[in-house]
file model38.tsv (TSV, C-alpha atoms and all ligand atoms)
chain	number	residue	atom	x	y	z
Q	1	MET	CA	1.50	-17.54	-9.08
Q	2	ALA	CA	1.76	-18.74	-12.70
Q	3	THR	CA	4.98	-17.60	-14.39
Q	4	PRO	CA	5.69	-14.15	-12.92
Q	5	ILE	CA	6.15	-11.27	-15.30
Q	6	ILE	CA	8.75	-9.77	-12.96
Q	7	ASP	CA	11.06	-12.06	-11.03
Q	8	ALA	CA	13.60	-10.08	-9.00
Q	9	SER	CA	15.78	-12.12	-6.70
Q	10	ASP	CA	18.32	-10.97	-4.13
Q	11	ILE	CA	18.68	-7.51	-5.67
Q	12	ILE	CA	21.49	-5.53	-4.08
Q	13	LYS	CA	22.11	-1.85	-4.80
Q	14	ASP	CA	25.07	0.15	-3.58
Q	15	TYR	CA	25.37	3.90	-4.07
Q	16	GLY	CA	29.11	4.31	-3.44
Q	17	SER	CA	29.72	2.79	-0.03
Q	18	ALA	CA	26.07	3.04	1.04
Q	19	ARG	CA	23.88	-0.04	0.50
Q	20	ALA	CA	20.34	0.97	-0.47
Q	21	LEU	CA	18.98	-2.55	-1.17
Q	22	HIS	CA	20.18	-5.55	0.83
Q	23	GLY	CA	18.98	-8.49	-1.26
Q	24	VAL	CA	15.38	-7.77	-2.20
Q	25	SER	CA	13.23	-10.43	-3.87
Q	26	LEU	CA	9.88	-9.67	-5.49
Q	27	LYS	CA	7.70	-11.52	-7.97
Q	28	VAL	CA	4.89	-9.75	-9.82
Q	29	GLY	CA	2.26	-11.80	-11.67
Q	30	ALA	CA	0.80	-10.97	-15.08
Q	31	GLY	CA	-1.94	-8.39	-14.60
Q	32	GLU	CA	-1.17	-8.00	-10.91
Q	33	PHE	CA	-1.19	-4.68	-9.02
Q	34	VAL	CA	1.60	-4.50	-6.45
Q	35	ALA	CA	2.23	-1.51	-4.15
Q	36	LEU	CA	5.64	-0.82	-2.60
Q	37	VAL	CA	5.38	0.96	0.76
Q	38	GLY	CA	7.81	1.77	3.56
Q	39	PRO	CA	9.39	4.70	5.38
Q	40	SER	CA	11.24	7.40	3.46
Q	41	GLY	CA	14.63	6.19	2.24
Q	42	CYS	CA	13.83	2.45	2.51
Q	43	GLY	CA	14.64	1.87	-1.17
Q	44	LYS	CA	11.24	1.87	-2.93
Q	45	THR	CA	12.21	4.22	-5.76
Q	46	THR	CA	15.58	2.53	-6.15
Q	47	LEU	CA	13.86	-0.83	-6.65
Q	48	LEU	CA	11.42	0.69	-9.16
Q	49	LYS	CA	14.28	2.29	-11.13
Q	50	ILE	CA	16.11	-1.05	-11.24
Q	51	LEU	CA	12.96	-2.70	-12.63
Q	52	ALA	CA	12.67	0.10	-15.22
Q	53	GLY	CA	16.36	-0.04	-16.18
Q	54	PHE	CA	17.18	3.51	-14.97
Q	55	GLU	CA	19.54	2.11	-12.32
Q	56	GLU	CA	21.71	-0.97	-12.53
Q	57	ALA	CA	21.67	-3.44	-9.65
Q	58	THR	CA	24.97	-4.13	-7.91
Q	59	GLY	CA	24.00	-7.77	-7.40
Q	60	GLY	CA	21.15	-10.24	-7.78
Q	61	ARG	CA	19.12	-11.26	-10.81
Q	62	LEU	CA	16.19	-9.59	-12.55
Q	63	GLU	CA	14.05	-11.39	-15.10
Q	64	ILE	CA	11.15	-9.76	-16.91
Q	65	GLN	CA	8.94	-12.02	-19.02
Q	66	GLY	CA	11.49	-14.79	-18.44
Q	67	LYS	CA	14.43	-12.79	-19.86
Q	68	ASP	CA	17.52	-11.73	-17.90
Q	69	MET	CA	17.53	-7.91	-17.84
Q	70	GLN	CA	21.26	-7.45	-17.20
Q	71	GLY	CA	22.49	-4.80	-19.63
Q	72	VAL	CA	19.05	-4.32	-21.24
Q	73	PRO	CA	18.41	-0.55	-21.53
Q	74	ALA	CA	15.17	1.00	-20.25
Q	75	ALA	CA	13.80	1.67	-23.74
Q	76	SER	CA	14.17	-2.00	-24.71
Q	77	ARG	CA	12.30	-3.31	-21.66
Q	78	PRO	CA	8.57	-4.09	-21.66
Q	79	THR	CA	8.20	-1.57	-18.82
Q	80	ARG	CA	7.24	2.12	-18.69
Q	81	MET	CA	7.55	4.44	-15.72
Q	82	VAL	CA	5.42	7.38	-14.57
Q	83	PHE	CA	7.23	9.73	-12.26
Q	84	GLN	CA	6.21	11.68	-9.17
Q	85	LYS	CA	7.14	14.95	-10.81
Q	86	LEU	CA	5.56	15.39	-14.16
Q	87	ALA	CA	7.97	14.74	-16.96
Q	88	LEU	CA	5.80	16.02	-19.82
Q	89	PHE	CA	7.51	18.01	-22.56
Q	90	PRO	CA	6.21	21.57	-21.97
Q	91	HIS	CA	6.69	22.69	-25.59
Q	92	LYS	CA	4.94	19.70	-27.11
Q	93	THR	CA	1.16	19.44	-27.34
Q	94	VAL	CA	-0.80	16.79	-25.48
Q	95	GLY	CA	-1.00	14.77	-28.70
Q	96	GLU	CA	2.75	15.05	-29.32
Q	97	ASN	CA	3.49	14.11	-25.72
Q	98	ILE	CA	1.32	11.00	-25.84
Q	99	GLY	CA	2.55	10.02	-29.29
Q	100	PHE	CA	6.24	10.53	-28.47
Q	101	PRO	CA	7.05	6.86	-27.63
Q	102	LEU	CA	5.36	5.79	-30.90
Q	103	LYS	CA	7.42	8.33	-32.86
Q	104	LEU	CA	10.58	6.76	-31.40
Q	105	GLN	CA	9.28	3.37	-32.55
Q	106	LYS	CA	8.71	4.87	-36.05
Q	107	VAL	CA	5.02	4.01	-35.99
Q	108	GLY	CA	3.19	5.44	-39.06
Q	109	LYS	CA	1.20	8.70	-38.79
Q	110	ALA	CA	-2.27	7.22	-39.23
Q	111	GLU	CA	-1.71	4.47	-36.67
Q	112	MET	CA	-0.15	6.96	-34.26
Q	113	ALA	CA	-3.15	9.29	-34.51
Q	114	ALA	CA	-5.53	6.41	-33.88
Q	115	ARG	CA	-3.61	5.13	-30.87
Q	116	VAL	CA	-3.23	8.61	-29.36
Q	117	ALA	CA	-6.98	9.19	-29.78
Q	118	GLY	CA	-7.62	5.81	-28.12
Q	119	MET	CA	-5.45	6.77	-25.14
Q	120	LEU	CA	-7.25	10.13	-24.77
Q	121	GLU	CA	-10.55	8.27	-24.59
Q	122	LEU	CA	-9.21	5.65	-22.16
Q	123	MET	CA	-7.91	8.38	-19.84
Q	124	HIS	CA	-11.15	10.43	-20.09
Q	125	LEU	CA	-9.38	13.39	-21.70
Q	126	LYS	CA	-11.45	15.44	-24.14
Q	127	PRO	CA	-10.48	15.16	-27.85
Q	128	GLU	CA	-9.98	18.94	-28.02
Q	129	TYR	CA	-7.11	18.62	-25.51
Q	130	LEU	CA	-5.01	17.09	-28.28
Q	131	ASN	CA	-3.62	20.47	-29.37
Q	132	ARG	CA	-3.27	22.05	-25.95
Q	133	TYR	CA	0.04	22.37	-24.12
Q	134	PRO	CA	0.57	20.75	-20.68
Q	135	ALA	CA	0.46	24.14	-18.91
Q	136	GLN	CA	-3.11	24.57	-20.22
Q	137	LEU	CA	-4.31	21.50	-18.28
Q	138	SER	CA	-5.03	20.93	-14.59
Q	139	GLY	CA	-2.60	18.89	-12.46
Q	140	GLY	CA	-4.85	15.83	-12.59
Q	141	GLU	CA	-5.25	16.11	-16.36
Q	142	GLN	CA	-1.49	16.44	-16.79
Q	143	GLN	CA	-0.97	13.29	-14.74
Q	144	ARG	CA	-3.49	11.49	-16.97
Q	145	VAL	CA	-1.51	12.62	-20.04
Q	146	ALA	CA	1.63	11.19	-18.40
Q	147	LEU	CA	-0.21	7.91	-17.82
Q	148	ALA	CA	-1.44	7.91	-21.43
Q	149	ARG	CA	2.10	8.47	-22.70
Q	150	ALA	CA	3.38	5.58	-20.56
Q	151	LEU	CA	0.63	3.24	-21.74
Q	152	VAL	CA	0.50	4.12	-25.46
Q	153	SER	CA	3.27	1.68	-26.35
Q	154	GLN	CA	1.35	-1.10	-24.54
Q	155	PRO	CA	3.97	-2.04	-21.95
Q	156	SER	CA	3.53	-5.30	-20.03
Q	157	VAL	CA	4.42	-3.53	-16.79
Q	158	LEU	CA	3.59	0.02	-15.70
Q	159	LEU	CA	5.85	1.38	-12.95
Q	160	LEU	CA	4.36	4.28	-10.99
Q	161	ASP	CA	6.48	6.40	-8.64
Q	162	GLU	CA	4.03	8.30	-6.41
Q	163	PRO	CA	2.07	9.57	-9.41
Q	164	MET	CA	-0.64	11.16	-7.28
Q	165	SER	CA	1.37	12.70	-4.45
Q	166	ALA	CA	1.28	16.21	-5.95
Q	167	LEU	CA	-2.52	16.26	-6.36
Q	168	ASP	CA	-5.04	17.68	-3.93
Q	169	ALA	CA	-7.11	15.22	-1.87
Q	170	LYS	CA	-10.25	15.27	-4.04
Q	171	LEU	CA	-8.39	14.92	-7.33
Q	172	LYS	CA	-6.29	12.17	-5.83
Q	173	LYS	CA	-9.40	10.19	-4.87
Q	174	SER	CA	-10.86	10.41	-8.37
Q	175	LEU	CA	-7.56	9.50	-10.06
Q	176	GLN	CA	-7.12	6.56	-7.66
Q	177	ALA	CA	-10.53	5.23	-8.68
Q	178	GLU	CA	-9.64	5.72	-12.35
Q	179	LEU	CA	-6.30	3.98	-11.92
Q	180	LYS	CA	-8.00	0.94	-10.40
Q	181	LYS	CA	-10.55	0.81	-13.21
Q	182	LEU	CA	-7.84	1.30	-15.83
Q	183	HIS	CA	-5.82	-1.55	-14.33
Q	184	ARG	CA	-8.83	-3.85	-14.51
Q	185	GLU	CA	-9.56	-2.83	-18.11
Q	186	ILE	CA	-6.11	-3.14	-19.67
Q	187	GLY	CA	-4.68	-6.13	-17.78
Q	188	THR	CA	-1.18	-4.60	-17.57
Q	189	SER	CA	0.84	-5.34	-14.39
Q	190	PHE	CA	1.18	-2.24	-12.19
Q	191	VAL	CA	3.89	-1.61	-9.58
Q	192	LEU	CA	3.09	1.51	-7.55
Q	193	VAL	CA	5.38	3.24	-5.08
Q	194	THR	CA	3.34	5.19	-2.57
Q	195	HIS	CA	3.61	6.91	0.80
Q	196	ASP	CA	-0.12	6.71	1.17
Q	197	LEU	CA	-0.99	3.48	2.96
Q	198	GLU	CA	-4.70	3.87	2.35
Q	199	GLU	CA	-3.94	4.18	-1.36
Q	200	ALA	CA	-1.88	0.98	-1.25
Q	201	MET	CA	-4.68	-0.88	0.57
Q	202	MET	CA	-7.34	0.43	-1.85
Q	203	LEU	CA	-5.54	-0.27	-5.09
Q	204	ALA	CA	-3.13	-3.16	-4.75
Q	205	ASP	CA	-3.68	-6.92	-5.02
Q	206	ARG	CA	-0.54	-7.32	-2.90
Q	207	ILE	CA	1.50	-4.90	-0.81
Q	208	CYS	CA	5.25	-5.18	-0.37
Q	209	VAL	CA	6.38	-3.51	2.87
Q	210	MET	CA	10.03	-2.42	2.86
Q	211	ARG	CA	12.31	-1.22	5.63
Q	212	SER	CA	15.97	-0.13	5.39
Q	213	GLY	CA	16.57	-1.79	2.03
Q	214	ASN	CA	14.84	-5.08	2.92
Q	215	VAL	CA	11.41	-6.54	2.24
Q	216	VAL	CA	9.66	-7.11	5.56
Q	217	GLN	CA	6.43	-8.62	4.26
Q	218	ILE	CA	4.60	-9.20	0.98
Q	219	GLY	CA	0.92	-10.02	1.23
Q	220	THR	CA	-2.64	-9.09	0.38
Q	221	PRO	CA	-3.92	-5.88	1.99
Q	222	SER	CA	-5.86	-7.91	4.55
Q	223	ASP	CA	-2.81	-10.09	5.36
Q	224	ILE	CA	-0.74	-6.98	5.90
Q	225	TYR	CA	-3.46	-5.33	8.00
Q	226	TYR	CA	-4.76	-8.24	10.07
Q	227	ARG	CA	-1.77	-10.66	9.88
Q	228	PRO	CA	1.31	-8.43	9.94
Q	229	ALA	CA	4.72	-10.12	10.04
Q	230	ASN	CA	5.85	-8.08	13.01
Q	231	MET	CA	5.22	-4.99	15.13
Q	232	PHE	CA	6.87	-2.74	12.54
Q	233	VAL	CA	4.36	-3.69	9.83
Q	234	ALA	CA	1.46	-3.60	12.30
Q	235	GLY	CA	2.38	-0.13	13.52
Q	236	PHE	CA	3.22	1.18	10.04
Q	237	ILE	CA	-0.15	0.39	8.50
Q	238	GLY	CA	-3.18	1.78	10.29
Q	239	GLU	CA	-3.86	2.64	13.90
Q	240	THR	CA	-3.66	-0.30	16.25
Q	241	ASN	CA	-3.72	-1.51	19.86
Q	242	PHE	CA	-0.93	-3.68	21.21
Q	243	LEU	CA	-1.86	-5.55	24.38
Q	244	PRO	CA	1.15	-6.98	26.23
Q	245	VAL	CA	0.56	-10.68	26.95
Q	246	ALA	CA	2.45	-13.85	27.93
Q	247	ALA	CA	2.05	-16.61	25.36
Q	248	VAL	CA	2.82	-20.31	25.28
Q	249	ARG	CA	2.54	-21.98	21.94
Q	250	ALA	CA	0.99	-25.45	21.62
Q	251	PRO	CA	2.32	-28.04	19.09
Q	252	ASP	CA	-0.72	-27.42	16.81
Q	253	GLY	CA	0.23	-23.75	16.47
Q	254	SER	CA	-2.48	-22.41	18.76
Q	255	ALA	CA	-1.47	-20.41	21.83
Q	256	ILE	CA	-2.47	-20.13	25.45
Q	257	VAL	CA	-2.32	-16.46	26.23
Q	258	ARG	CA	-2.35	-14.83	29.63
Q	259	SER	CA	-2.77	-11.23	30.53
Q	260	PRO	CA	-3.34	-9.67	33.93
Q	261	LEU	CA	-5.40	-7.03	32.10
Q	262	ALA	CA	-8.08	-9.43	30.89
Q	263	VAL	CA	-11.21	-10.05	32.91
Q	264	GLY	CA	-11.51	-13.79	33.68
Q	265	GLU	CA	-9.78	-16.58	31.77
Q	266	PRO	CA	-9.17	-15.57	28.15
Q	267	ALA	CA	-9.95	-18.18	25.49
Q	268	PRO	CA	-6.90	-19.66	23.71
Q	269	LEU	CA	-5.97	-18.28	20.29
Q	270	SER	CA	-6.22	-20.60	17.31
Q	271	ALA	CA	-3.18	-21.17	15.05
Q	272	ALA	CA	-4.65	-18.82	12.42
Q	273	ASN	CA	-4.37	-15.98	14.95
Q	274	VAL	CA	-0.75	-16.61	15.89
Q	275	SER	CA	2.22	-15.36	13.87
Q	276	SER	CA	4.33	-18.21	12.48
Q	277	SER	CA	7.44	-16.40	13.71
Q	278	LEU	CA	6.19	-16.36	17.32
Q	279	ILE	CA	8.35	-17.94	19.97
Q	280	ASP	CA	7.13	-18.40	23.56
Q	281	GLN	CA	7.71	-15.12	25.27
Q	282	ASN	CA	6.16	-11.98	26.54
Q	283	THR	CA	4.64	-10.63	23.40
Q	284	ALA	CA	1.85	-8.48	22.00
Q	285	LEU	CA	-1.70	-9.07	20.90
Q	286	LEU	CA	-2.67	-6.87	17.99
Q	287	VAL	CA	-6.26	-5.63	18.16
Q	288	ARG	CA	-7.42	-3.25	15.41
Q	289	PRO	CA	-9.66	-0.38	16.62
Q	290	GLU	CA	-12.67	-1.49	14.55
Q	291	THR	CA	-12.63	-4.99	16.08
Q	292	ILE	CA	-13.17	-3.85	19.67
Q	293	GLY	CA	-16.27	-2.36	21.24
Q	294	PHE	CA	-18.28	-1.74	24.39
Q	295	VAL	CA	-19.76	-4.77	26.11
Q	296	THR	CA	-22.98	-4.24	28.04
Q	297	GLY	CA	-24.81	-7.16	29.63
Q	298	GLU	CA	-23.57	-10.66	28.92
Q	299	ALA	CA	-20.51	-10.86	26.71
Q	300	PRO	CA	-20.57	-13.08	23.60
Q	301	ALA	CA	-18.92	-16.47	24.31
Q	302	GLY	CA	-15.13	-16.49	24.03
Q	303	PHE	CA	-14.73	-12.69	24.01
Q	304	TRP	CA	-11.72	-11.14	25.68
Q	305	LEU	CA	-12.86	-8.48	28.15
Q	306	LEU	CA	-11.10	-5.47	29.66
Q	307	ASP	CA	-12.37	-2.93	32.19
Q	308	GLY	CA	-11.51	0.73	31.83
Q	309	GLU	CA	-12.63	4.35	31.82
Q	310	VAL	CA	-13.47	6.55	28.84
Q	311	GLU	CA	-10.69	9.12	28.47
Q	312	GLU	CA	-11.83	10.86	25.28
Q	313	TYR	CA	-13.96	10.46	22.20
Q	314	PHE	CA	-13.86	12.00	18.75
Q	315	ILE	CA	-16.88	12.22	16.47
Q	316	LYS	CA	-15.58	11.65	12.96
Q	317	GLY	CA	-18.90	11.50	11.09
Q	318	SER	CA	-19.12	7.98	9.72
Q	319	SER	CA	-17.36	6.66	12.84
Q	320	THR	CA	-16.77	7.67	16.44
Q	321	GLN	CA	-13.41	7.01	18.02
Q	322	TYR	CA	-13.20	6.22	21.73
Q	323	ARG	CA	-10.05	6.12	23.82
Q	324	VAL	CA	-10.42	3.97	26.92
Q	325	ARG	CA	-7.85	4.00	29.71
Q	326	VAL	CA	-7.22	0.47	31.07
Q	327	ALA	CA	-5.19	0.19	34.30
Q	328	GLY	CA	-1.81	-1.41	33.53
Q	329	LEU	CA	-1.73	-0.33	29.87
Q	330	GLU	CA	0.56	2.51	28.84
Q	331	ALA	CA	-1.58	3.80	25.98
Q	332	PRO	CA	-5.38	4.05	25.98
Q	333	VAL	CA	-7.24	1.40	23.98
Q	334	VAL	CA	-8.47	2.94	20.73
Q	335	MET	CA	-11.87	1.85	19.44
Q	336	ASP	CA	-13.55	2.89	16.19
Q	337	LEU	CA	-17.32	2.46	16.41
Q	338	PRO	CA	-19.81	3.10	13.59
Q	339	GLY	CA	-21.09	6.68	13.73
Q	340	SER	CA	-24.33	7.20	15.62
Q	341	ILE	CA	-26.50	10.11	16.74
Q	342	HIS	CA	-26.49	8.75	20.28
Q	343	LEU	CA	-23.14	8.42	22.01
Q	344	PRO	CA	-22.77	5.04	23.73
Q	345	ALA	CA	-20.58	6.47	26.55
Q	346	ASN	CA	-19.24	9.71	27.94
Q	347	VAL	CA	-15.86	10.86	29.22
Q	348	GLY	CA	-15.24	9.43	32.69
Q	349	ASP	CA	-17.68	6.51	32.33
Q	350	LYS	CA	-16.49	3.18	33.72
Q	351	VAL	CA	-16.88	0.75	30.84
Q	352	ARG	CA	-16.27	-2.85	29.88
Q	353	ILE	CA	-14.82	-3.36	26.42
Q	354	GLY	CA	-14.22	-6.58	24.53
Q	355	PHE	CA	-13.18	-8.25	21.30
Q	356	ASP	CA	-13.50	-11.54	19.51
Q	357	PRO	CA	-10.03	-13.19	19.71
Q	358	SER	CA	-10.51	-14.65	16.21
Q	359	ARG	CA	-10.06	-11.07	14.95
Q	360	ALA	CA	-6.90	-10.44	17.01
Q	361	PHE	CA	-3.37	-11.50	16.09
Q	362	LEU	CA	-0.48	-12.54	18.31
Q	363	LEU	CA	2.92	-11.45	17.11
Q	364	SER	CA	6.54	-11.15	18.21
Q	365	GLU	CA	7.91	-7.79	19.23
D	401	LIG	N1	21.45	8.57	-6.79
D	401	LIG	C1	21.71	8.30	-5.52
D	401	LIG	N2	22.94	8.44	-4.99
D	401	LIG	C2	23.22	8.12	-3.71
D	401	LIG	N3	22.31	7.68	-2.83
D	401	LIG	C3	21.06	7.52	-3.27
D	401	LIG	C4	20.69	7.82	-4.63
D	401	LIG	N4	19.36	7.56	-4.77
D	401	LIG	C5	18.93	7.12	-3.57
D	401	LIG	N5	19.94	7.09	-2.66
D	401	LIG	C6	19.84	6.64	-1.27
D	401	LIG	O1	19.35	5.31	-1.25
D	401	LIG	C7	18.40	5.12	-0.22
D	401	LIG	C8	17.06	4.68	-0.80
D	401	LIG	O2	16.52	5.76	-1.54
D	401	LIG	P1	15.14	5.66	-2.32
D	401	LIG	O3	14.94	6.93	-3.06
D	401	LIG	O4	15.11	4.41	-3.09
D	401	LIG	O5	14.13	5.56	-1.09
D	401	LIG	P2	12.54	5.68	-1.07
D	401	LIG	O6	12.06	4.57	-0.20
D	401	LIG	O7	12.01	5.74	-2.45
D	401	LIG	O8	12.36	7.06	-0.32
D	401	LIG	P3	11.19	8.18	-0.43
D	401	LIG	O9	9.95	7.50	0.08
D	401	LIG	O10	11.67	9.27	0.46
D	401	LIG	O11	11.07	8.57	-1.87
D	401	LIG	C9	18.33	6.44	0.55
D	401	LIG	O12	19.18	6.35	1.66
D	401	LIG	C10	18.84	7.44	-0.46
D	401	LIG	O13	19.46	8.53	0.19

call {"tool": "encode", "arguments": {"input": "model38.tsv", "output": "structure tokens", "more": "lines below"}}
Ligand SMILES: Nc1ncnc2c1ncn2[C@@H]1O[C@H](COP(=O)(O)OP(=O)(O)OP(=O)(O)O)[C@@H](O)[C@H]1O
result
Amino acid sequence: MATPIIDASDIIKDYGSARALHGVSLKVGAGEFVALVGPSGCGKTTLLKILAGFEEATGGRLEIQGKDMQGVPAASRPTRMVFQKLALFPHKTVGENIGFPLKLQKVGKAEMAARVAGMLELMHLKPEYLNRYPAQLSGGEQQRVALARALVSQPSVLLLDEPMSALDAKLKKSLQAELKKLHREIGTSFVLVTHDLEEAMMLADRICVMRSGNVVQIGTPSDIYYRPANMFVAGFIGETNFLPVAAVRAPDGSAIVRSPLAVGEPAPLSAANVSSSLIDQNTALLVRPETIGFVTGEAPAGFWLLDGEVEEYFIKGSSTQYRVRVAGLEAPVVMDLPGSIHLPANVGDKVRIGFDPSRAFLLSE
């Protein structure tokens, strides 16, 4: 990354005697979109508030645009925050709400009117909304006004704390698409806290996975999904299969993997499919549901094969999910196949399933 716009290192936060952040480090690049995810209470909002200047860190160092932020109040930082619960002024019009940060900056009336009108257009809000009050807008429109108010002073970093969690599913989808487009258009760095993992995968350039006040992994959505740092990350994001295996690592990073479940001699895994933190041990092979399927006839070279029986299937429209019971495995193997009018197998069928090991990942428990 070129010079990061946010450089947080070893941030500690204590609330009384309880430690909420245990030394968190995060860099955000100019124009980057980073999502913070993790279980409830892991410290996402606390980290966001420290970046915004609404909470002071107990320890560590925070630089924004190369400047130490210690003692710099929220209003003097190049950051703006949009909250989960709408914080619009109910007795101010849409125009007054959006223009409020400019009023504080003593921007002249004509310039303010022009910038507020520009924000309305950017956020696809009709010009006649200018004189309405927040209560006269839908939830999605109100959230767009909140975004407009946060962006009107042209911050370098926009901090978003679950801005879409209160919206219904359809509205959420359209606002997510708009947020992604907006991010591309304005080039501001976005840091989004979200509970919604699909949202994080869809929107972010990188995802930061937190657990109990620590960062567990920072990576691109596909790193996090296909190359998780550990079982926690793998299980947290998306449905997955864990196959218990015995692994011996070779000096070049590849691994010989054995499993009594596999049919025949499984091909070794290349270094790219083995977690760098892996030590020789009984461990788990991560196989995502969409990377495994039925094998009829001759299997493609190098495939791992398992024999089992169809326990259940679910038709989900664009995909069909199969659950296949394999002797020796606690949980059924979950497979997501593309949707089809004709079902490839029925409940009770004896089936052979298989996957390409280059799409699997070996990781420590
Ligand atoms: N003002 C506060 N005073 C005391 N403890 C707090 C305060 N704010 C947060 N905490 C505690 O710090 C920890 C982290 O909270 P935080 O709100 O950052 O988590 P989160 O990951 O954003 O959770 P959620 O996803 O539920 O919003 C929690 O244990 C929480 O109870």

call {"tool": "residues_around", "arguments": {"input": "model38.tsv", "residues": "Glu312 of chain Q", "least_positions_apart": "3", "cutoff": "12 Å", "atoms": "all atoms listed in the file", "output": "list in words"}}
result
Glu309, Ile315, Thr320, Gln321, Tyr322, Arg323, Val324, Arg325, Pro332, Val333, Val334, Met335, Ala345, Asn346, Val347, Gly348 and Asp349 of chain Q

call {"tool": "residues_near_ligand", "arguments": {"input": "model38.tsv", "ligand": "ligand LIG 401 (chain D)", "cutoff": "6 Å", "atoms": "only C-alpha atoms and all ligand atoms", "output": "list in words"}}
result
Tyr15, Ala20, Ser40, Gly41, Cys42, Gly43, Lys44, Thr45 and Thr46 of chain Q

call {"tool": "residues_around", "arguments": {"input": "model38.tsv", "residues": "segment 55-62 of chain Q", "least_positions_apart": "2", "cutoff": "8 Å", "atoms": "only C-alpha atoms", "output": "list in words"}}
result
Ile6, Asp7, Ala8, Ser9, Asp10, Ile11, Ile12, Lys13, Asp14, Gly23, Thr46, Lys49, Ile50, Leu51, Ala52, Gly53, Ile64, Asp68, Met69 and Gln70 of chain Q

call {"tool": "closest_residue", "arguments": {"input": "model38.tsv", "among": "Q:Thr291, Q:Asp336, Q:Lys106, Q:Phe314", "to": "Gly354 of chain Q", "atoms": "only C-alpha atoms"}}
result
Q:Thr291

call {"tool": "closest_residue", "arguments": {"input": "model38.tsv", "among": "Q:Pro338, Q:Gly66, Q:Pro251, Q:Gly238", "to": "Tyr225 of chain Q", "atoms": "all atoms listed in the file"}}
result
Q:Gly238

call {"tool": "residues_around", "arguments": {"input": "model38.tsv", "residues": "Val145 of chain Q", "least_positions_apart": "4", "cutoff": "7 Å", "atoms": "only C-alpha atoms", "output": "MDAnalysis selection string"}}
result
chainID Q and resid 94 98 141 149

call {"tool": "atom_distance", "arguments": {"input": "model38.tsv", "atom1": "atom CA of Gly302 of chain Q", "atom2": "atom CA of Pro221 of chain Q"}}
result
26.9 Å

call {"tool": "closest_residue", "arguments": {"input": "model38.tsv", "among": "Q:Pro78, Q:Pro163, Q:Pro4, Q:Gly213", "to": "Val24 of chain Q", "atoms": "only C-alpha atoms"}}
result
Q:Gly213

call {"tool": "closest_residue", "arguments": {"input": "model38.tsv", "among": "Q:Ala177, Q:Val28, Q:Leu125, Q:Met112", "to": "Leu158 of chain Q", "atoms": "only C-alpha atoms"}}
result
Q:Val28

call {"tool": "atom_distance", "arguments": {"input": "model38.tsv", "atom1": "atom CA of Lys180 of chain Q", "atom2": "atom CA of Gly99 of chain Q"}}
result
23.5 Å

call {"tool": "atom_distance", "arguments": {"input": "model38.tsv", "atom1": "atom CA of Leu192 of chain Q", "atom2": "atom CA of Leu21 of chain Q"}}
result
17.6 Å

call {"tool": "residues_around", "arguments": {"input": "model38.tsv", "residues": "Ala204 of chain Q", "least_positions_apart": "3", "cutoff": "7 Å", "atoms": "only C-alpha atoms", "output": "MDAnalysis selection string"}}
result
chainID Q and resid 33:35 200:201 207

call {"tool": "closest_residue", "arguments": {"input": "model38.tsv", "among": "Q:Ser259, Q:Ser212, Q:Thr296, Q:Gln84", "to": "Ala146 of chain Q", "atoms": "only C-alpha atoms"}}
result
Q:Gln84

call {"tool": "closest_residue", "arguments": {"input": "model38.tsv", "among": "Q:Val37, Q:Met210, Q:Leu130, Q:Leu306", "to": "Asp196 of chain Q", "atoms": "only C-alpha atoms"}}
result
Q:Val37

call {"tool": "residues_around", "arguments": {"input": "model38.tsv", "residues": "Gly29 of chain Q", "least_positions_apart": "2", "cutoff": "7 Å", "atoms": "all atoms listed in the file", "output": "list in words"}}
result
Met1, Thr3, Pro4, Ile5, Ile6, Lys27, Gly31 and Glu32 of chain Q

call {"tool": "axis_aligned_box", "arguments": {"input": "model38.tsv", "around": "segment 256-275 of chain Q", "padding_each_side": "8 Å", "output": "lines of an AutoDock Vina configuration file"}}
result
center_x = -4.6
center_y = -14.1
center_z = 23.2
size_x = 29.7
size_y = 30.1
size_z = 37.5

call {"tool": "build_atoms", "arguments": {"input": "model38.tsv", "residues": "segment 36-41 of chain Q", "atoms": "N, CA, C and O atoms", "output": "short mmCIF file (atom, residue, chain, number, x, y, z; two decimals), keeping the file's coordinate frame"}}
result
data_model
loop_
_atom_site.label_atom_id
_atom_site.label_comp_id
_atom_site.auth_asym_id
_atom_site.auth_seq_id
_atom_site.Cartn_x
_atom_site.Cartn_y
_atom_site.Cartn_z
N LEU Q 36 4.44 -0.82 -3.45
CA LEU Q 36 5.64 -0.82 -2.60
C LEU Q 36 5.46 0.29 -1.57
O LEU Q 36 5.29 1.45 -1.95
N VAL Q 37 5.50 -0.06 -0.29
CA VAL Q 37 5.38 0.96 0.76
C VAL Q 37 6.52 0.78 1.76
O VAL Q 37 7.15 -0.26 1.82
N GLY Q 38 6.76 1.83 2.54
CA GLY Q 38 7.81 1.77 3.56
C GLY Q 38 8.25 3.18 3.87
O GLY Q 38 7.97 4.11 3.11
N PRO Q 39 8.97 3.35 4.98
CA PRO Q 39 9.39 4.70 5.38
C PRO Q 39 10.30 5.34 4.34
O PRO Q 39 10.92 4.64 3.54
N SER Q 40 10.39 6.65 4.38
CA SER Q 40 11.24 7.40 3.46
C SER Q 40 12.67 6.85 3.50
O SER Q 40 13.21 6.59 4.57
N GLY Q 41 13.24 6.64 2.32
CA GLY Q 41 14.63 6.19 2.24
C GLY Q 41 14.80 4.68 2.33
O GLY Q 41 15.94 4.19 2.36
#
